[in-house]
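Novice: Pasting a structure below so you can have a look.
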Amino acid sequence: MDKYADIRPYNDDEVVPALARLLGDDQFIDVIAKYNLPAWLNAWPAIARPLVRMKLKKKWGDFCTIEQVQDEVAYYLQILINKTTSKVTYSGLETLDSNTSYLFISNHRDIVLDPALVNWGLHQQDMRTVRIAIGDNLLQVPYITELMRLNKSFIVKRSAKAPKEMLKALTQLSAYISDSLSEGNSIWIAQKEGRAKDGVDQTDPALLKMLQLNGRKQKLDFSDYVKQLRIVPVAISYQYEPCAVAKAKELYHKKQFGQYVKAQGEDIASIVEGFSSDKGHVHIAFGDPITADVENPDELANVIDKQILDLYYLHSTNHLAAGDDAQVSPEDKEDFISKLESVPEELKQLVLSMYAEPLRRKGI
């Protein structure tokens with residue numbers, strides 16, 4: 001019996017049926033058509049859909065393994081990197097063992113790009129790509145679920161509300177992460193639920209309590225279990241923050257009205273914007289596996305946060321937002337000012353604070 005069937009990524013024998021479901025999904029085909037066919041042709045779905053299906057069948061016809069899907073993802077990720085970044089750089093990967101599985105806990109600035117770029121670095125180093133934790137709030141559209149599970153994503157059941165239901169879901173998740181690591185599969189998970197919208201990268205101890213559930217089942221001390229997980233903090237920094245205006249808008253609404261309710265399809269729109277927008281220079285810094293004795297989740301959260309903050313790469317935009325332009329080139333300054341001009345006036349200070357926060361927290 002497959003105890004993780006409802007949350008795990010697809011296996012090789014599920015690739016062909018999943019691709020068939022995608023090809024049969026008009027909503028998915030229409031999205032592909034929208035970004036790949038002329039606008040006039042999209043107005044005629046009776047013509048556009050068969051064209052897209054024919055093209056995808058030809059491209060996917062021989063796919064029968066997750067590794068083939070990963071190679072296809074890597075191909076398109078390379079195109080995205082070339083089109084929307086000035087460069088993507090890495091540090092710390094050379095100190096990791098390619099034969100060891102790790103639990104990568106990273107800051108979270110973009111829904112899909114963060115784990116995708118972590119995977120790109122691992123792929124470039126001929127290391128196995130990670131299994132990716134993704135909230136079920138993003139899986140309300142069937143084709144998104146198919147795409148994510150084909151791309152080694154496993155599901156975090158955030159929609160569980162009743163205490164017993166929540167505990168059951170968290171216990172299953174904790175065991176799945178532990179078993180994945182034991183089987184040689186690395187894991188990526190964000191340090192807290194939701195993207196950091198204010199520039200503050202802070203680990204939620206509740207995440208670490210979830211990890212601890214499986215250790216308790218094994219009757220292991222917290223410190224010993226943490227060492228067994230081989231946690232590696234990761235700091236991801238974008239020169240131009242993905243969805244900066246949308247994040248500032250959410251903060252503004254919460255401040256003005258006490259809450260912000262996402263519109264239907266807003267998460268999907270954020271994914272698309274994150275993919276398509278200019279990101280400038282992106283740096284991903286891998287930390288050291290945590291081997292120190294930590295007695296509880298709060299202490300572990302502090303250790304993770306310190307590494308992420310120390311590793312965080314400061315871009316020209318961080319310095320400019322904090323009023324420090326001494327070492328910023330005129331070109332970078334002009335580009336940042338130009339981008340700020342398109343930000344609604346009531347959101348400008350929130351966007352500036354978002355960029356300045358990492359520099360402030362470093363005490364520079």
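Identifiers for the structure tokens are assigned positionally: chains receive A, B, ... in sequence, residues are indexed from 1 per chain, and ligands are indexed from 1 in the order shown.
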List as a Markdown table every residue of range 237-291 of chain A that is in contact with range 315-333 of chain A, defined as an atom at most 9 Å from one of its atoms (using only C-alpha atoms), together with the nearest atom pair and the distance in Å rounded to one decimal, sorted by chain and then rising number.

Specialist:
| residue | atom | partner | partner_atom | distance |
| --- | --- | --- | --- | --- |
| A:Ser237 | CA | A:His315 | CA | 8.0 |
| A:Tyr238 | CA | A:His315 | CA | 7.6 |
| A:Gln239 | CA | A:His315 | CA | 5.4 |
| A:Tyr240 | CA | A:Thr317 | CA | 7.2 |
| A:His281 | CA | A:His315 | CA | 7.9 |
| A:Val282 | CA | A:His315 | CA | 8.9 |

Novice: Write out, as a JSON list (two decimals), in the first residue's frame, the residues just selected, with N, CA and C atoms.

Specialist:
[["chain", "number", "residue", "atom", "x", "y", "z"],
["A", 237, "SER", "N", 18.63, 35.56, -3.56],
["A", 237, "SER", "CA", 18.45, 37.01, -3.65],
["A", 237, "SER", "C", 18.34, 37.44, -5.12],
["A", 238, "TYR", "N", 17.33, 38.26, -5.38],
["A", 238, "TYR", "CA", 17.06, 38.76, -6.73],
["A", 238, "TYR", "C", 17.42, 40.25, -6.78],
["A", 239, "GLN", "N", 18.10, 40.66, -7.84],
["A", 239, "GLN", "CA", 18.36, 42.09, -8.01],
["A", 239, "GLN", "C", 17.04, 42.85, -8.14],
["A", 240, "TYR", "N", 16.11, 42.28, -8.92],
["A", 240, "TYR", "CA", 14.77, 42.86, -9.04],
["A", 240, "TYR", "C", 13.77, 41.84, -8.52],
["A", 281, "HIS", "N", 20.34, 40.27, -11.81],
["A", 281, "HIS", "CA", 21.28, 39.26, -11.29],
["A", 281, "HIS", "C", 20.61, 38.49, -10.15],
["A", 282, "VAL", "N", 20.62, 37.17, -10.23],
["A", 282, "VAL", "CA", 20.08, 36.33, -9.16],
["A", 282, "VAL", "C", 21.24, 35.53, -8.57]]

Novice: Can you write out as CSV which residues of range 48-161 of chain A fall within 6 Å of range 188-210 of chain A, alongside each residue's closest atom pair and its distance in Å to one decimal, counting only C-alpha atoms and ordering rows by chain and ascending residue number?

Specialist:
residue,atom,partner,partner_atom,distance
A:Phe104,CA,A:Trp188,CA,4.8
A:Ile105,CA,A:Ile189,CA,5.2
A:Ser106,CA,A:Ala190,CA,5.1
A:Asn107,CA,A:Gln191,CA,5.6
A:His108,CA,A:Arg195,CA,5.0
A:Arg109,CA,A:Arg195,CA,5.1
A:Val130,CA,A:Trp188,CA,6.0
A:Ile132,CA,A:Trp188,CA,5.0
A:Ala133,CA,A:Ile189,CA,5.2

Novice: Pull N, CA, C and O atoms from the residues just selected and write them as a compact mmCIF listing (two decimals), in the first residue's frame.

Specialist:
# COMPACT_ATOMS: atom_id res chain seq x y z
N PHE A 104 17.11 21.09 2.08
CA PHE A 104 17.39 22.50 1.81
C PHE A 104 16.22 23.34 2.31
O PHE A 104 15.09 23.18 1.84
N ILE A 105 16.50 24.21 3.27
CA ILE A 105 15.48 25.15 3.77
C ILE A 105 15.90 26.54 3.33
O ILE A 105 16.96 27.04 3.72
N SER A 106 15.08 27.16 2.49
CA SER A 106 15.48 28.44 1.90
C SER A 106 14.50 29.55 2.24
O SER A 106 13.35 29.30 2.61
N ASN A 107 15.00 30.79 2.07
CA ASN A 107 14.07 31.92 2.10
C ASN A 107 13.18 31.81 0.87
O ASN A 107 13.45 31.03 -0.06
N HIS A 108 12.10 32.58 0.85
CA HIS A 108 11.08 32.37 -0.18
C HIS A 108 10.64 33.71 -0.76
O HIS A 108 9.98 34.49 -0.10
N ARG A 109 11.03 33.95 -2.02
CA ARG A 109 10.68 35.20 -2.69
C ARG A 109 9.80 35.00 -3.92
O ARG A 109 9.15 35.93 -4.36
N VAL A 130 16.00 18.25 -6.48
CA VAL A 130 15.27 18.07 -5.22
C VAL A 130 13.81 17.70 -5.46
O VAL A 130 13.24 17.95 -6.53
N ILE A 132 10.23 18.92 -4.26
CA ILE A 132 9.83 20.28 -3.90
C ILE A 132 8.52 20.29 -3.11
O ILE A 132 7.51 19.72 -3.56
N ALA A 133 8.52 20.93 -1.95
CA ALA A 133 7.30 21.08 -1.16
C ALA A 133 6.45 22.21 -1.73
O ALA A 133 6.95 23.32 -1.95

Novice: Identify which of the residues A:Val73, A:Ala269, A:Val88, A:Val226 lies closest to Asn214 in chain A, counting only C-alpha atoms when measuring atom-to-atom distances.

Specialist: A:Val226

Novice: With a distance cut-off of 8 Å and only C-alpha atoms, select the neighbouring residues of Leu170 in chain A, excluding the residue or stretch itself and same-chain residues fewer than 4 positions from it, and output the selection as a list in words.

Specialist: Lys157, Met166, Ser174, Met210 and Leu213 of chain A

Novice: How many Å lie between CA of Leu173 in chain A and CA of Tyr4 in chain A, rounded to one decimal?

Specialist: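 Separation between CA of Leu173 in chain A and CA of Tyr4 in chain A: 8.6 Å.
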
Novice: Could you work out how far CA of Phe336 in chain A lies from CA of Gly92 in chain A, giving the answer in Å with one decimal?

Specialist: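 Computing the Euclidean distance for CA of Gly92 in chain A and CA of Phe336 in chain A yields 28.6 Å.
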
Novice: From the set A:Leu147, A:Asn302, A:Leu113, A:Ala246, which residue has the shortest atom-to-atom contact distance to Thr85 in chain A, counting only C-alpha atoms?

Specialist: A:Leu113

Novice: Please report, as a PyMOL selection string, each residue of range 30-174 of chain A to which DSSP assigns helix (DSSP H, G or I) when run on this structure's backbone.

Specialist: chain A and resi 30-36+39-42+45-60+66-84+93-95+113-124+136-138+142-150+163-174

Novice: Rank nothing, just name the residue among A:Asp30, A:Ser186, A:Lys247, A:Ile231 nearest to Val303 in chain A, using only C-alpha atoms.

Specialist: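 Checking each of A:Asp30, A:Ser186, A:Lys247, A:Ile231 against Val303 in chain A, counting only C-alpha atoms, the winner is A:Ile231.
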
Novice: Leaving out Gln218 in chain A and any residue of its chain fewer than 3 positions from it, which residues lie within 12 Å of it when counting only C-alpha atoms, given as a ChimeraX atom specification?

Specialist: /A:174-175,178,212-215,221-222,224-225,228

Novice: Which neighbours of Asp110 in chain A fall inside 9 Å, counting only C-alpha atoms, when residues of the same chain fewer than 6 positions from it are skipped, and could you give them as a PyMOL selection string?

Specialist: chain A and resi 195-196+241-243+270-271+274

Novice: Skipping near chain neighbours, those fewer than 6 positions away, what residues fall within 12 Å of His253 in chain A using only C-alpha atoms, listed as a PyMOL selection string?

Specialist: chain A and resi 246-247+259-262+346-347+350

Novice: Suppose you want the space between CA of Arg149 in chain A and CA of Glu183 in chain A; what is it in Å?

Specialist: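 Straight-line distance from CA of Arg149 in chain A to CA of Glu183 in chain A works out to 18.4 Å.
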
Novice: Range 109-191 of chain A: which residues are strand (DSSP E or B) by DSSP, as a ChimeraX atom specification?

Specialist: /A:131-135,153-156,187-190

Novice: Would you mind exporting the chosen residues as a short mmCIF file (atom, residue, chain, number, x, y, z; two decimals), in the first residue's frame, restricted to C-alpha atoms?

Specialist:
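The result, stored in selection.cif:
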data_model
loop_
_atom_site.label_atom_id
_atom_site.label_comp_id
_atom_site.auth_asym_id
_atom_site.auth_seq_id
_atom_site.Cartn_x
_atom_site.Cartn_y
_atom_site.Cartn_z
CA ARG A 131 11.75 17.03 -4.37
CA ILE A 132 9.83 20.28 -3.90
CA ALA A 133 7.30 21.08 -1.16
CA ILE A 134 4.29 22.96 -2.53
CA GLY A 135 1.11 24.06 -0.76
CA SER A 153 6.71 18.32 -6.24
CA PHE A 154 4.98 16.89 -3.18
CA ILE A 155 1.93 18.37 -1.53
CA VAL A 156 1.70 20.21 1.78
CA ILE A 187 14.19 18.04 -0.36
CA TRP A 188 13.48 21.75 -0.87
CA ILE A 189 11.09 23.53 1.46
CA ALA A 190 10.52 27.23 2.16
#

Novice: Near Val294 in chain A, counting only C-alpha atoms, which residues have an atom at most 6 Å away, once you skip same-chain residues fewer than 4 positions from it, shown as a PyMOL selection string?

Specialist: chain A and resi 223+299-300
